[in-house]
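K.L.:
This one is final_12.pdb, PDB, C-alpha atoms and all ligand atoms.
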ATOM      1  CA  MET A 423     -61.438  -6.074  17.835
ATOM      2  CA  SER A 424     -58.193  -5.481  19.683
ATOM      3  CA  SER A 425     -54.852  -7.063  18.838
ATOM      4  CA  ASN A 426     -53.196  -4.912  21.509
ATOM      5  CA  LEU A 427     -51.028  -3.295  18.830
ATOM      6  CA  LEU A 428     -50.275  -0.353  21.125
ATOM      7  CA  ALA A 429     -49.994  -2.224  24.432
ATOM      8  CA  GLY A 430     -47.615  -0.372  26.748
ATOM      9  CA  LYS A 431     -47.493   2.723  24.534
ATOM     10  CA  VAL A 432     -48.462   6.247  25.580
ATOM     11  CA  GLY A 433     -49.223   9.244  23.412
ATOM     12  CA  ILE A 434     -50.702  12.705  22.940
ATOM     13  CA  ILE A 435     -53.705  13.172  20.652
ATOM     14  CA  SER A 436     -54.661  16.696  19.581
ATOM     15  CA  GLY A 437     -57.742  17.913  17.741
ATOM     16  CA  ALA A 438     -60.697  15.897  19.083
ATOM     17  CA  LEU A 439     -63.528  18.439  18.977
ATOM     18  CA  ASN A 440     -66.608  16.207  18.704
ATOM     19  CA  ASP A 441     -67.461  12.634  17.720
ATOM     20  CA  LYS A 442     -67.092  13.513  14.022
ATOM     21  CA  SER A 443     -63.420  14.553  14.479
ATOM     22  CA  ILE A 444     -60.809  12.244  12.966
ATOM     23  CA  ALA A 445     -58.767  12.643  16.193
ATOM     24  CA  TRP A 446     -61.758  11.408  18.234
ATOM     25  CA  LYS A 447     -61.744   8.122  16.301
ATOM     26  CA  VAL A 448     -57.942   7.842  16.562
ATOM     27  CA  ALA A 449     -58.182   8.250  20.351
ATOM     28  CA  GLN A 450     -60.890   5.561  20.588
ATOM     29  CA  LYS A 451     -58.969   3.127  18.361
ATOM     30  CA  ALA A 452     -55.607   3.742  20.066
ATOM     31  CA  HIS A 453     -57.264   3.162  23.444
ATOM     32  CA  GLU A 454     -58.886  -0.025  22.107
ATOM     33  CA  GLN A 455     -55.399  -1.213  21.051
ATOM     34  CA  GLY A 456     -54.057  -0.779  24.575
ATOM     35  CA  ALA A 457     -52.514   2.724  24.508
ATOM     36  CA  ARG A 458     -52.737   5.285  27.307
ATOM     37  CA  ILE A 459     -53.548   8.754  26.023
ATOM     38  CA  VAL A 460     -53.441  12.439  26.920
ATOM     39  CA  LEU A 461     -55.950  14.538  24.986
ATOM     40  CA  THR A 462     -55.298  18.149  24.068
ATOM     41  CA  ASN A 463     -57.138  20.889  22.234
ATOM     42  CA  ALA A 464     -57.354  24.683  22.122
ATOM     43  CA  PRO A 465     -58.936  26.212  25.253
ATOM     44  CA  LEU A 466     -61.887  27.371  23.110
ATOM     45  CA  ALA A 467     -62.666  23.793  22.026
ATOM     46  CA  MET A 468     -62.513  22.789  25.675
ATOM     47  CA  ARG A 469     -65.279  25.225  26.530
ATOM     48  CA  MET A 470     -67.521  23.461  24.022
ATOM     49  CA  GLY A 471     -67.260  20.544  26.413
ATOM     50  CA  GLU A 472     -67.751  17.519  24.164
ATOM     51  CA  ILE A 473     -64.128  16.376  24.555
ATOM     52  CA  LYS A 474     -64.916  15.628  28.221
ATOM     53  CA  ASN A 475     -67.178  12.750  27.109
ATOM     54  CA  LEU A 476     -64.284  11.210  25.148
ATOM     55  CA  ALA A 477     -61.908  11.758  28.077
ATOM     56  CA  ALA A 478     -64.291   9.873  30.390
ATOM     57  CA  GLU A 479     -64.802   7.080  27.824
ATOM     58  CA  ILE A 480     -61.085   6.367  27.379
ATOM     59  CA  ASP A 481     -59.958   7.466  30.848
ATOM     60  CA  ALA A 482     -57.620  10.170  29.529
ATOM     61  CA  PRO A 483     -56.771  13.547  31.064
ATOM     62  CA  ILE A 484     -57.271  16.685  28.953
ATOM     63  CA  ILE A 485     -54.467  19.242  28.913
ATOM     64  CA  PRO A 486     -55.595  22.396  27.082
ATOM     65  CA  ALA A 487     -53.035  24.060  24.806
ATOM     66  CA  ASP A 488     -53.245  26.532  21.968
ATOM     67  CA  ALA A 489     -50.932  24.819  19.468
ATOM     68  CA  THR A 490     -49.589  28.198  18.290
ATOM     69  CA  SER A 491     -48.154  28.922  21.757
ATOM     70  CA  VAL A 492     -44.729  27.417  22.536
ATOM     71  CA  GLU A 493     -45.321  28.199  26.219
ATOM     72  CA  GLU A 494     -48.578  26.236  26.313
ATOM     73  CA  LEU A 495     -46.996  23.370  24.374
ATOM     74  CA  GLU A 496     -44.131  23.240  26.895
ATOM     75  CA  LYS A 497     -46.730  22.852  29.626
ATOM     76  CA  LEU A 498     -48.553  20.172  27.578
ATOM     77  CA  PHE A 499     -45.478  18.005  26.952
ATOM     78  CA  GLY A 500     -44.213  18.505  30.524
ATOM     79  CA  GLU A 501     -47.532  17.593  32.151
ATOM     80  CA  ALA A 502     -48.155  14.683  29.774
ATOM     81  CA  GLN A 503     -44.804  13.117  30.710
ATOM     82  CA  GLY A 504     -45.628  13.732  34.380
ATOM     83  CA  HIS A 505     -48.946  11.936  33.914
ATOM     84  CA  PHE A 506     -47.397   8.963  32.106
ATOM     85  CA  GLY A 507     -44.387   8.835  34.427
ATOM     86  CA  GLY A 508     -42.083   8.767  31.397
ATOM     87  CA  LYS A 509     -41.569   9.695  27.769
ATOM     88  CA  ILE A 510     -44.054   9.600  24.891
ATOM     89  CA  ASP A 511     -44.356   6.984  22.136
ATOM     90  CA  PHE A 512     -46.712   8.725  19.711
ATOM     91  CA  LEU A 513     -48.206  12.094  18.799
ATOM     92  CA  LEU A 514     -51.165  12.917  16.552
ATOM     93  CA  HIS A 515     -51.298  16.414  15.024
ATOM     94  CA  SER A 516     -54.919  16.834  13.895
ATOM     95  CA  ILE A 517     -55.230  20.609  13.787
ATOM     96  CA  GLY A 518     -56.516  22.831  11.025
ATOM     97  CA  MET A 519     -58.224  26.211  10.860
ATOM     98  CA  SER A 520     -58.548  28.960   8.263
ATOM     99  CA  ALA A 521     -60.426  32.178   9.035
ATOM    100  CA  ASN A 522     -60.364  32.865   5.274
ATOM    101  CA  ILE A 523     -62.389  29.673   4.720
ATOM    102  CA  ARG A 524     -64.675  30.463   7.669
ATOM    103  CA  LYS A 525     -65.414  33.898   6.229
ATOM    104  CA  GLY A 526     -65.985  32.499   2.741
ATOM    105  CA  LYS A 527     -63.128  34.428   1.103
ATOM    106  CA  HIS A 528     -62.148  33.187  -2.353
ATOM    107  CA  TYR A 529     -58.497  32.725  -3.396
ATOM    108  CA  GLY A 530     -58.279  36.138  -5.054
ATOM    109  CA  GLU A 531     -59.317  38.076  -1.957
ATOM    110  CA  LEU A 532     -57.533  36.384   0.941
ATOM    111  CA  ASP A 533     -56.968  38.400   4.091
ATOM    112  CA  TYR A 534     -53.212  38.216   4.788
ATOM    113  CA  LYS A 535     -53.557  38.377   8.587
ATOM    114  CA  PHE A 536     -55.863  35.380   8.362
ATOM    115  CA  PHE A 537     -53.427  33.709   5.942
ATOM    116  CA  GLN A 538     -50.611  34.004   8.496
ATOM    117  CA  GLN A 539     -52.892  32.651  11.188
ATOM    118  CA  THR A 540     -53.813  29.696   8.952
ATOM    119  CA  LEU A 541     -50.131  28.850   8.486
ATOM    120  CA  ASP A 542     -49.413  29.269  12.197
ATOM    121  CA  VAL A 543     -52.344  27.137  13.426
ATOM    122  CA  SER A 544     -52.368  24.489  10.715
ATOM    123  CA  ALA A 545     -48.664  24.032   9.885
ATOM    124  CA  LEU A 546     -46.154  25.817  12.139
ATOM    125  CA  SER A 547     -47.918  24.241  15.140
ATOM    126  CA  LEU A 548     -46.370  20.902  14.073
ATOM    127  CA  HIS A 549     -42.917  22.525  14.062
ATOM    128  CA  LYS A 550     -43.583  24.039  17.492
ATOM    129  CA  MET A 551     -44.756  20.701  18.919
ATOM    130  CA  LEU A 552     -41.691  18.859  17.642
ATOM    131  CA  HIS A 553     -39.366  21.673  18.728
ATOM    132  CA  VAL A 554     -40.748  21.456  22.281
ATOM    133  CA  ALA A 555     -40.657  17.640  22.255
ATOM    134  CA  GLU A 556     -37.012  17.662  21.182
ATOM    135  CA  LYS A 557     -36.004  20.276  23.778
ATOM    136  CA  GLN A 558     -37.697  18.242  26.523
ATOM    137  CA  ASP A 559     -36.344  14.975  25.084
ATOM    138  CA  ALA A 560     -39.969  13.869  25.325
ATOM    139  CA  PHE A 561     -39.989  10.974  22.827
ATOM    140  CA  ASN A 562     -39.026   7.385  23.452
ATOM    141  CA  GLU A 563     -36.824   5.789  20.769
ATOM    142  CA  TRP A 564     -38.891   4.408  17.883
ATOM    143  CA  GLY A 565     -41.639   6.907  18.629
ATOM    144  CA  SER A 566     -44.056   7.940  15.890
ATOM    145  CA  VAL A 567     -45.592  11.270  14.866
ATOM    146  CA  VAL A 568     -48.527  11.536  12.451
ATOM    147  CA  ALA A 569     -50.018  14.779  11.107
ATOM    148  CA  LEU A 570     -53.155  14.862   8.957
ATOM    149  CA  SER A 571     -52.957  16.438   5.516
ATOM    150  CA  TYR A 572     -54.968  16.797   2.313
ATOM    151  CA  ILE A 573     -54.162  16.379  -1.394
ATOM    152  CA  ALA A 574     -54.606  20.138  -1.974
ATOM    153  CA  ALA A 575     -50.936  20.298  -0.885
ATOM    154  CA  GLN A 576     -50.020  18.871  -4.323
ATOM    155  CA  ARG A 577     -53.010  19.710  -6.557
ATOM    156  CA  ALA A 578     -54.967  22.937  -6.965
ATOM    157  CA  PHE A 579     -58.340  22.906  -5.189
ATOM    158  CA  LEU A 580     -59.263  26.605  -5.191
ATOM    159  CA  ASP A 581     -61.998  26.369  -2.553
ATOM    160  CA  TYR A 582     -59.421  25.034  -0.076
ATOM    161  CA  THR A 583     -57.769  28.491  -0.372
ATOM    162  CA  ASP A 584     -54.870  29.128   2.050
ATOM    163  CA  MET A 585     -55.201  25.676   3.637
ATOM    164  CA  SER A 586     -53.532  24.314   0.470
ATOM    165  CA  GLN A 587     -50.369  26.229   1.320
ATOM    166  CA  ALA A 588     -50.661  25.270   5.001
ATOM    167  CA  LYS A 589     -50.776  21.570   4.084
ATOM    168  CA  ALA A 590     -47.764  21.925   1.755
ATOM    169  CA  VAL A 591     -45.797  23.506   4.630
ATOM    170  CA  LEU A 592     -47.048  20.863   7.069
ATOM    171  CA  GLU A 593     -45.827  18.038   4.808
ATOM    172  CA  SER A 594     -42.471  19.749   4.361
ATOM    173  CA  ILE A 595     -42.032  20.191   8.137
ATOM    174  CA  ALA A 596     -42.808  16.477   8.580
ATOM    175  CA  ARG A 597     -39.997  15.594   6.156
ATOM    176  CA  SER A 598     -37.441  17.938   7.768
ATOM    177  CA  TYR A 599     -38.249  16.941  11.351
ATOM    178  CA  GLY A 600     -38.438  13.321  10.232
ATOM    179  CA  GLN A 601     -34.827  13.573   9.120
ATOM    180  CA  ARG A 602     -33.782  15.350  12.313
ATOM    181  CA  LEU A 603     -35.645  13.198  14.851
ATOM    182  CA  GLY A 604     -34.864  10.008  12.974
ATOM    183  CA  LYS A 605     -31.167  10.676  13.432
ATOM    184  CA  LEU A 606     -31.488  11.934  17.011
ATOM    185  CA  LYS A 607     -34.001   9.482  18.479
ATOM    186  CA  LYS A 608     -35.158   7.019  15.794
ATOM    187  CA  VAL A 609     -38.505   8.851  15.860
ATOM    188  CA  ARG A 610     -40.493   8.738  12.629
ATOM    189  CA  VAL A 611     -42.618  11.599  11.295
ATOM    190  CA  ASN A 612     -45.228  11.152   8.554
ATOM    191  CA  THR A 613     -48.283  12.896   7.174
ATOM    192  CA  VAL A 614     -51.451  11.020   6.218
ATOM    193  CA  SER A 615     -53.324  12.595   3.316
ATOM    194  CA  GLN A 616     -56.936  11.778   4.052
ATOM    195  CA  SER A 617     -60.060  11.702   1.814
ATOM    196  CA  PRO A 618     -62.656  14.449   2.281
ATOM    197  CA  THR A 619     -64.371  13.616   5.573
ATOM    198  CA  LYS A 620     -67.606  15.021   7.036
ATOM    199  CA  THR A 621     -66.221  16.777  10.132
ATOM    200  CA  THR A 622     -66.572  20.332  11.489
ATOM    201  CA  ALA A 623     -63.384  21.461   9.674
ATOM    202  CA  GLY A 624     -64.280  19.537   6.492
ATOM    203  CA  THR A 625     -67.847  20.690   6.031
ATOM    204  CA  GLY A 626     -66.824  24.312   6.724
ATOM    205  CA  ILE A 627     -65.200  24.463   3.267
ATOM    206  CA  SER A 628     -67.346  26.011   0.551
ATOM    207  CA  GLY A 629     -68.309  23.403  -2.036
ATOM    208  CA  PHE A 630     -67.403  20.560   0.379
ATOM    209  CA  ASP A 631     -70.316  18.377  -0.773
ATOM    210  CA  ALA A 632     -69.064  18.604  -4.365
ATOM    211  CA  PHE A 633     -65.457  17.779  -3.270
ATOM    212  CA  TYR A 634     -66.821  14.816  -1.344
ATOM    213  CA  GLU A 635     -69.024  13.470  -4.172
ATOM    214  CA  TYR A 636     -66.318  13.979  -6.806
ATOM    215  CA  ALA A 637     -63.747  12.054  -4.736
ATOM    216  CA  GLN A 638     -66.344   9.398  -3.934
ATOM    217  CA  LYS A 639     -67.086   8.835  -7.629
ATOM    218  CA  LEU A 640     -63.438   8.852  -8.672
ATOM    219  CA  SER A 641     -61.936   6.615  -5.970
ATOM    220  CA  PRO A 642     -62.196   2.871  -6.732
ATOM    221  CA  LEU A 643     -62.596   2.146  -3.018
ATOM    222  CA  GLY A 644     -64.718   5.233  -2.317
ATOM    223  CA  ASN A 645     -63.760   7.914   0.205
ATOM    224  CA  ALA A 646     -61.926   6.621   3.255
ATOM    225  CA  PRO A 647     -64.058   7.172   6.362
ATOM    226  CA  ALA A 648     -62.650   8.707   9.558
ATOM    227  CA  GLU A 649     -62.665   5.284  11.281
ATOM    228  CA  ALA A 650     -60.407   3.831   8.574
ATOM    229  CA  CYS A 651     -58.088   6.832   8.862
ATOM    230  CA  ALA A 652     -57.898   6.113  12.588
ATOM    231  CA  ASP A 653     -56.977   2.468  11.890
ATOM    232  CA  TYR A 654     -54.191   3.658   9.589
ATOM    233  CA  CYS A 655     -52.882   6.091  12.217
ATOM    234  CA  VAL A 656     -52.852   3.278  14.800
ATOM    235  CA  SER A 657     -50.794   1.124  12.401
ATOM    236  CA  LEU A 658     -48.341   4.024  12.044
ATOM    237  CA  PHE A 659     -48.050   4.354  15.834
ATOM    238  CA  SER A 660     -47.430   0.615  16.145
ATOM    239  CA  ASP A 661     -44.107  -1.241  15.900
ATOM    240  CA  LEU A 662     -45.205  -2.743  12.551
ATOM    241  CA  THR A 663     -44.215   0.443  10.661
ATOM    242  CA  ARG A 664     -40.918   1.353  12.315
ATOM    243  CA  TYR A 665     -39.031   2.171   9.121
ATOM    244  CA  VAL A 666     -41.723   4.330   7.489
ATOM    245  CA  THR A 667     -40.719   7.952   7.866
ATOM    246  CA  MET A 668     -40.657  11.345   6.079
ATOM    247  CA  GLN A 669     -43.555  10.221   3.875
ATOM    248  CA  ASN A 670     -46.822  11.762   2.811
ATOM    249  CA  LEU A 671     -49.040   8.682   2.833
ATOM    250  CA  MET A 672     -52.180   8.730   0.711
ATOM    251  CA  HIS A 673     -55.226   7.399   2.545
ATOM    252  CA  ASP A 674     -57.802   8.199  -0.096
ATOM    253  CA  GLY A 675     -59.340   5.033  -1.572
ATOM    254  CA  GLY A 676     -57.191   5.422  -4.702
ATOM    255  CA  PHE A 677     -58.326   8.973  -5.571
ATOM    256  CA  SER A 678     -54.852  10.447  -6.105
ATOM    257  CA  THR A 679     -53.807   7.941  -8.776
ATOM    258  CA  THR A 680     -57.079   7.599 -10.673
ATOM    259  CA  GLY A 681     -57.533   9.387 -14.013
ATOM    260  CA  ILE A 682     -61.219   8.832 -14.596
ATOM    261  CA  SER A 683     -63.782   6.288 -13.402
ATOM    262  CA  ASP A 684     -66.908   4.704 -14.932
ATOM    263  CA  GLU A 685     -69.034   6.705 -12.475
ATOM    264  CA  MET A 686     -67.525  10.003 -13.687
ATOM    265  CA  VAL A 687     -67.903   8.948 -17.335
ATOM    266  CA  GLU A 688     -71.590   8.288 -16.639
ATOM    267  CA  VAL A 689     -72.101  11.715 -15.020
ATOM    268  CA  LEU A 690     -70.278  13.527 -17.839
ATOM    269  CA  THR A 691     -72.036  11.526 -20.570
ATOM    270  CA  LYS A 692     -75.416  12.482 -19.097
ATOM    271  CA  ALA A 693     -74.323  16.141 -18.858
ATOM    272  CA  ALA A 694     -73.261  16.105 -22.550
ATOM    273  CA  GLU A 695     -76.593  14.636 -23.761
TER     274      GLU A 695
HETATM  275  N1  LIG B 701     -62.295  16.684   7.142
HETATM  276  C1  LIG B 701     -61.612  16.538   6.024
HETATM  277  O1  LIG B 701     -62.169  16.480   4.917
HETATM  278  C2  LIG B 701     -60.107  16.402   6.095
HETATM  279  C3  LIG B 701     -59.413  15.823   5.002
HETATM  280  C4  LIG B 701     -58.021  15.731   5.069
HETATM  281  C5  LIG B 701     -57.358  16.211   6.203
HETATM  282  N2  LIG B 701     -58.065  16.760   7.243
HETATM  283  C6  LIG B 701     -57.313  17.281   8.394
HETATM  284  O2  LIG B 701     -57.618  16.524   9.548
HETATM  285  C7  LIG B 701     -57.308  17.317  10.696
HETATM  286  C8  LIG B 701     -58.462  17.225  11.678
HETATM  287  O3  LIG B 701     -59.607  17.850  11.163
HETATM  288  P1  LIG B 701     -61.075  17.226  11.237
HETATM  289  O4  LIG B 701     -61.562  17.074   9.849
HETATM  290  O5  LIG B 701     -61.109  16.078  12.165
HETATM  291  O6  LIG B 701     -61.919  18.456  11.833
HETATM  292  P2  LIG B 701     -62.177  18.996  13.324
HETATM  293  O7  LIG B 701     -62.803  20.343  13.137
HETATM  294  O8  LIG B 701     -62.925  18.004  14.119
HETATM  295  O9  LIG B 701     -60.697  19.156  13.941
HETATM  296  C9  LIG B 701     -59.888  20.323  13.814
HETATM  297  C10 LIG B 701     -59.299  20.558  15.184
HETATM  298  O10 LIG B 701     -58.327  21.612  15.190
HETATM  299  C11 LIG B 701     -58.414  22.192  16.488
HETATM  300  N3  LIG B 701     -57.735  23.489  16.544
HETATM  301  C12 LIG B 701     -58.014  24.615  15.818
HETATM  302  N4  LIG B 701     -57.204  25.627  16.199
HETATM  303  C13 LIG B 701     -56.387  25.128  17.174
HETATM  304  C14 LIG B 701     -55.329  25.691  17.957
HETATM  305  N5  LIG B 701     -54.949  26.975  17.817
HETATM  306  N6  LIG B 701     -54.709  24.904  18.868
HETATM  307  C15 LIG B 701     -55.080  23.591  19.037
HETATM  308  N7  LIG B 701     -56.062  23.013  18.310
HETATM  309  C16 LIG B 701     -56.713  23.775  17.394
HETATM  310  C17 LIG B 701     -59.929  22.325  16.665
HETATM  311  O11 LIG B 701     -60.307  22.660  17.996
HETATM  312  C18 LIG B 701     -60.385  20.958  16.213
HETATM  313  O12 LIG B 701     -60.402  20.048  17.286
HETATM  314  C19 LIG B 701     -57.009  18.728  10.188
HETATM  315  O13 LIG B 701     -55.617  18.904  10.062
HETATM  316  C20 LIG B 701     -57.660  18.702   8.809
HETATM  317  O14 LIG B 701     -57.113  19.666   7.933
HETATM  318  C21 LIG B 701     -59.417  16.842   7.220
END
Once more with this new file: its structure as structure tokens, please.
Ligand SMILES: NC(=O)c1ccc[n+]([C@@H]2O[C@H](COP(=O)([O-])OP(=O)(O)OC[C@H]3O[C@@H](n4cnc5c(N)ncnc54)[C@H](O)[C@@H]3O)[C@@H](O)[C@H]2O)c1
P.N.:
Amino acid sequence: MSSNLLAGKVGIISGALNDKSIAWKVAQKAHEQGARIVLTNAPLAMRMGEIKNLAAEIDAPIIPADATSVEELEKLFGEAQGHFGGKIDFLLHSIGMSANIRKGKHYGELDYKFFQQTLDVSALSLHKMLHVAEKQDAFNEWGSVVALSYIAAQRAFLDYTDMSQAKAVLESIARSYGQRLGKLKKVRVNTVSQSPTKTTAGTGISGFDAFYEYAQKLSPLGNAPAEACADYCVSLFSDLTRYVTMQNLMHDGGFSTTGISDEMVEVLTKAAE
């Protein structure tokens, strides 16, 4: 149901790969709430083709850009403003990739070239996007930037390997740019720390099913689905959250502040019998 929360707003949404992607749901929900959108993803994701179905559904152009390339991001922000005929109100950073995770490397044997690539793709890309946006003066006042994170930024989850460090850097960049862009343009920058979610990036992590079940059993509300994450992102793009900035916002059904739950006690009691 639409309340037209984003009526008149325009924004860039990165990271919609297929209909499981969190960004896919954000694009659908933002469109439903009246926003106009430009979609972007890496050229490789474009070749997979599924994003074209979303583009047709929400009547959005796709502007390919590798988020590690400042040049390609300059083209993205320039063309997006050309398309909208003005500046941008919101940006979703929904980008993550670790070749160490893809190749199943454990924390003690990480490949350092891959590690640098993980940081570049999954964290520095937010810095690069905001750097380009500032240089082009691409944001409207009271604009909103959201980047998706995970609790492994604060707690050790060994199977998340170098993505843990990438998320810690991502959250730190959001705070620093939040301070800078808040002062310059009243633009807010936040990260949303989302529950484990069954997407291409999520299920690529070794032991993901155990992560998922553990969080499900611990969280009083259960794991937050991608659709609910999208609702939260829409609220952060809307004018109802104008003074929320430089925060890492937990969207995890209560996982991060729960010690133990009845469900976990039951599992552990059975295991001890
Ligand atoms: N799935 C989870 O359990 C979970 C939990 C918390 C946070 N997140 C975060 O949510 C975000 C979205 O992931 P998702 O779970 O929807 O998975 P996804 O695989 O659907 O999305 C990841 C996206 O990153 C894009 N990408 C990779 N390299 C890129 C590059 N160089 N330039 C531009 N785009 C690039 C991919 O093409 C893909 O669209 C990521 O930041 C992820 O870490 C996911």
K.L.:
If we count all atoms listed in the file, what is near stretch 563-575 of chain A at a cut-off of 8 Å, once residues fewer than 2 positions away on the same chain are taken out, given as a PyMOL selection string?
P.N.:
chain A and resi 510-517+548+561+577-579+582+585-590+592-593+596+607-617+655+658-659+661+664+678
K.L.:
Find the residue from A:Gly530, A:Pro465, A:Gly430, A:Gly508 that sits nearest to ligand LIG 701 (chain B); use all atoms listed in the file when measuring.
P.N.:
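The closest residue to ligand LIG 701 (chain B) is A:Pro465.
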K.L.:
On this file, the PyMOL selection byres (((chain A and resi 679-684) around 8) and not hetatm) gives some set of residues; write that set as a PDB file with C-alpha atoms, keeping the file's coordinate frame.
P.N.:
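Result file part07.pdb:
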ATOM      1  CA  LYS A 639     -67.086   8.835  -7.629  1.00  0.00           C
ATOM      2  CA  LEU A 640     -63.438   8.852  -8.672  1.00  0.00           C
ATOM      3  CA  SER A 641     -61.936   6.615  -5.970  1.00  0.00           C
ATOM      4  CA  PRO A 642     -62.196   2.871  -6.732  1.00  0.00           C
ATOM      5  CA  GLY A 676     -57.191   5.422  -4.702  1.00  0.00           C
ATOM      6  CA  PHE A 677     -58.326   8.973  -5.571  1.00  0.00           C
ATOM      7  CA  SER A 678     -54.852  10.447  -6.105  1.00  0.00           C
ATOM      8  CA  GLU A 685     -69.034   6.705 -12.475  1.00  0.00           C
ATOM      9  CA  MET A 686     -67.525  10.003 -13.687  1.00  0.00           C
ATOM     10  CA  VAL A 687     -67.903   8.948 -17.335  1.00  0.00           C
ATOM     11  CA  GLU A 688     -71.590   8.288 -16.639  1.00  0.00           C
TER      12      GLU A 688
END
K.L.:
Ligand LIG 701 (chain B): which residues are within 6 Å, counting only C-alpha atoms and all ligand atoms? Reply as a short mmCIF file (atom, residue, chain, number, x, y, z; two decimals) with C-alpha atoms, in the coordinates of the input.
P.N.:
data_model
loop_
_atom_site.label_atom_id
_atom_site.label_comp_id
_atom_site.auth_asym_id
_atom_site.auth_seq_id
_atom_site.Cartn_x
_atom_site.Cartn_y
_atom_site.Cartn_z
CA GLY A 437 -57.74 17.91 17.74
CA ALA A 438 -60.70 15.90 19.08
CA LEU A 439 -63.53 18.44 18.98
CA SER A 443 -63.42 14.55 14.48
CA ILE A 444 -60.81 12.24 12.97
CA ALA A 445 -58.77 12.64 16.19
CA ASN A 463 -57.14 20.89 22.23
CA ALA A 464 -57.35 24.68 22.12
CA ALA A 467 -62.67 23.79 22.03
CA ASP A 488 -53.24 26.53 21.97
CA ALA A 489 -50.93 24.82 19.47
CA THR A 490 -49.59 28.20 18.29
CA SER A 516 -54.92 16.83 13.90
CA ILE A 517 -55.23 20.61 13.79
CA GLY A 518 -56.52 22.83 11.02
CA MET A 519 -58.22 26.21 10.86
CA VAL A 543 -52.34 27.14 13.43
CA LEU A 570 -53.16 14.86 8.96
CA SER A 571 -52.96 16.44 5.52
CA TYR A 572 -54.97 16.80 2.31
CA SER A 615 -53.32 12.60 3.32
CA GLN A 616 -56.94 11.78 4.05
CA SER A 617 -60.06 11.70 1.81
CA PRO A 618 -62.66 14.45 2.28
CA THR A 619 -64.37 13.62 5.57
CA LYS A 620 -67.61 15.02 7.04
CA THR A 621 -66.22 16.78 10.13
CA THR A 622 -66.57 20.33 11.49
CA ALA A 623 -63.38 21.46 9.67
CA GLY A 624 -64.28 19.54 6.49
#
K.L.:
Mind pulling up the distance from atom CA of A:Gly675 to atom CA of A:Asn426?
P.N.:
25.9 Å
K.L.:
Where does the PyMOL selection byres (((chain A and resi 557) around 12) and not hetatm) land in this file, that is, which residues does it pick, as a ChimeraX atom specification?
P.N.:
/A:492,495-496,499-500,550-556,558-561,603,606
K.L.:
Care to translate the PyMOL selection byres (((chain A and resi 649) around 12) and not hetatm) into actual residues of this file, as a PyMOL selection string?
P.N.:
chain A and resi 441-452+616-617+619-620+645-648+650-656+673
K.L.:
Just C-alpha atoms for this one: save the residues we selected as an mmCIF file, in the coordinates of the input.
P.N.:
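The resulting file, result.cif, is reproduced below:
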data_model
loop_
_atom_site.group_PDB
_atom_site.id
_atom_site.type_symbol
_atom_site.label_atom_id
_atom_site.label_comp_id
_atom_site.auth_asym_id
_atom_site.auth_seq_id
_atom_site.Cartn_x
_atom_site.Cartn_y
_atom_site.Cartn_z
ATOM 1 C CA ASP A 441 -67.461 12.634 17.720
ATOM 2 C CA LYS A 442 -67.092 13.513 14.022
ATOM 3 C CA SER A 443 -63.420 14.553 14.479
ATOM 4 C CA ILE A 444 -60.809 12.244 12.966
ATOM 5 C CA ALA A 445 -58.767 12.643 16.193
ATOM 6 C CA TRP A 446 -61.758 11.408 18.234
ATOM 7 C CA LYS A 447 -61.744 8.122 16.301
ATOM 8 C CA VAL A 448 -57.942 7.842 16.562
ATOM 9 C CA ALA A 449 -58.182 8.250 20.351
ATOM 10 C CA GLN A 450 -60.890 5.561 20.588
ATOM 11 C CA LYS A 451 -58.969 3.127 18.361
ATOM 12 C CA ALA A 452 -55.607 3.742 20.066
ATOM 13 C CA GLN A 616 -56.936 11.778 4.052
ATOM 14 C CA SER A 617 -60.060 11.702 1.814
ATOM 15 C CA THR A 619 -64.371 13.616 5.573
ATOM 16 C CA LYS A 620 -67.606 15.021 7.036
ATOM 17 C CA ASN A 645 -63.760 7.914 0.205
ATOM 18 C CA ALA A 646 -61.926 6.621 3.255
ATOM 19 C CA PRO A 647 -64.058 7.172 6.362
ATOM 20 C CA ALA A 648 -62.650 8.707 9.558
ATOM 21 C CA ALA A 650 -60.407 3.831 8.574
ATOM 22 C CA CYS A 651 -58.088 6.832 8.862
ATOM 23 C CA ALA A 652 -57.898 6.113 12.588
ATOM 24 C CA ASP A 653 -56.977 2.468 11.890
ATOM 25 C CA TYR A 654 -54.191 3.658 9.589
ATOM 26 C CA CYS A 655 -52.882 6.091 12.217
ATOM 27 C CA VAL A 656 -52.852 3.278 14.800
ATOM 28 C CA HIS A 673 -55.226 7.399 2.545
#
K.L.:
May I ask for the distance between atom CA of A:Tyr599 and atom CA of A:Leu546, given in Å to one decimal place?
P.N.:
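Going from atom CA of A:Tyr599 over to atom CA of A:Leu546 covers 11.9 Å.
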K.L.:
Do you have the atom CA of A:Ile435-atom CA of A:Val460 distance handy?
P.N.:
6.3 Å
K.L.:
Near A:Leu580, counting only C-alpha atoms, which residues have an atom at most 8 Å away, once you skip same-chain residues fewer than 3 positions from it, shown as a list in words?
P.N.:
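Close residues of A:Leu580: His528, Tyr529 and Thr583 of chain A.
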K.L.:
Residues near A:Ala457, anyone? I mean within 7 Å using only C-alpha atoms, not counting same-chain ones fewer than 2 positions away, as a VMD selection string.
P.N.:
chain A and resid 428 to 432 452 to 453 455 459
K.L.:
From the options A:Leu671, A:Leu643, A:Ala637, A:Met423, which residue's atoms come nearest to A:Arg597, counting all atoms listed in the file?
P.N.:
A:Leu671
K.L.:
Give me, as CSV, the closest atom pair and its distance (Å, one decimal) for every residue of stretch 501-601 of chain A within a cut-off of 8 Å of stretch 625-634 of chain A, counting all atoms listed in the file, rows sorted by chain and rising number.
P.N.:
residue,atom,partner,partner_atom,distance
A:Ile523,CA,A:Ile627,CA,6.1
A:Arg524,CA,A:Gly626,CA,6.6
A:Gly526,CA,A:Ser628,CA,7.0
A:Asp581,CA,A:Ser628,CA,6.2
A:Tyr582,CA,A:Ile627,CA,6.7
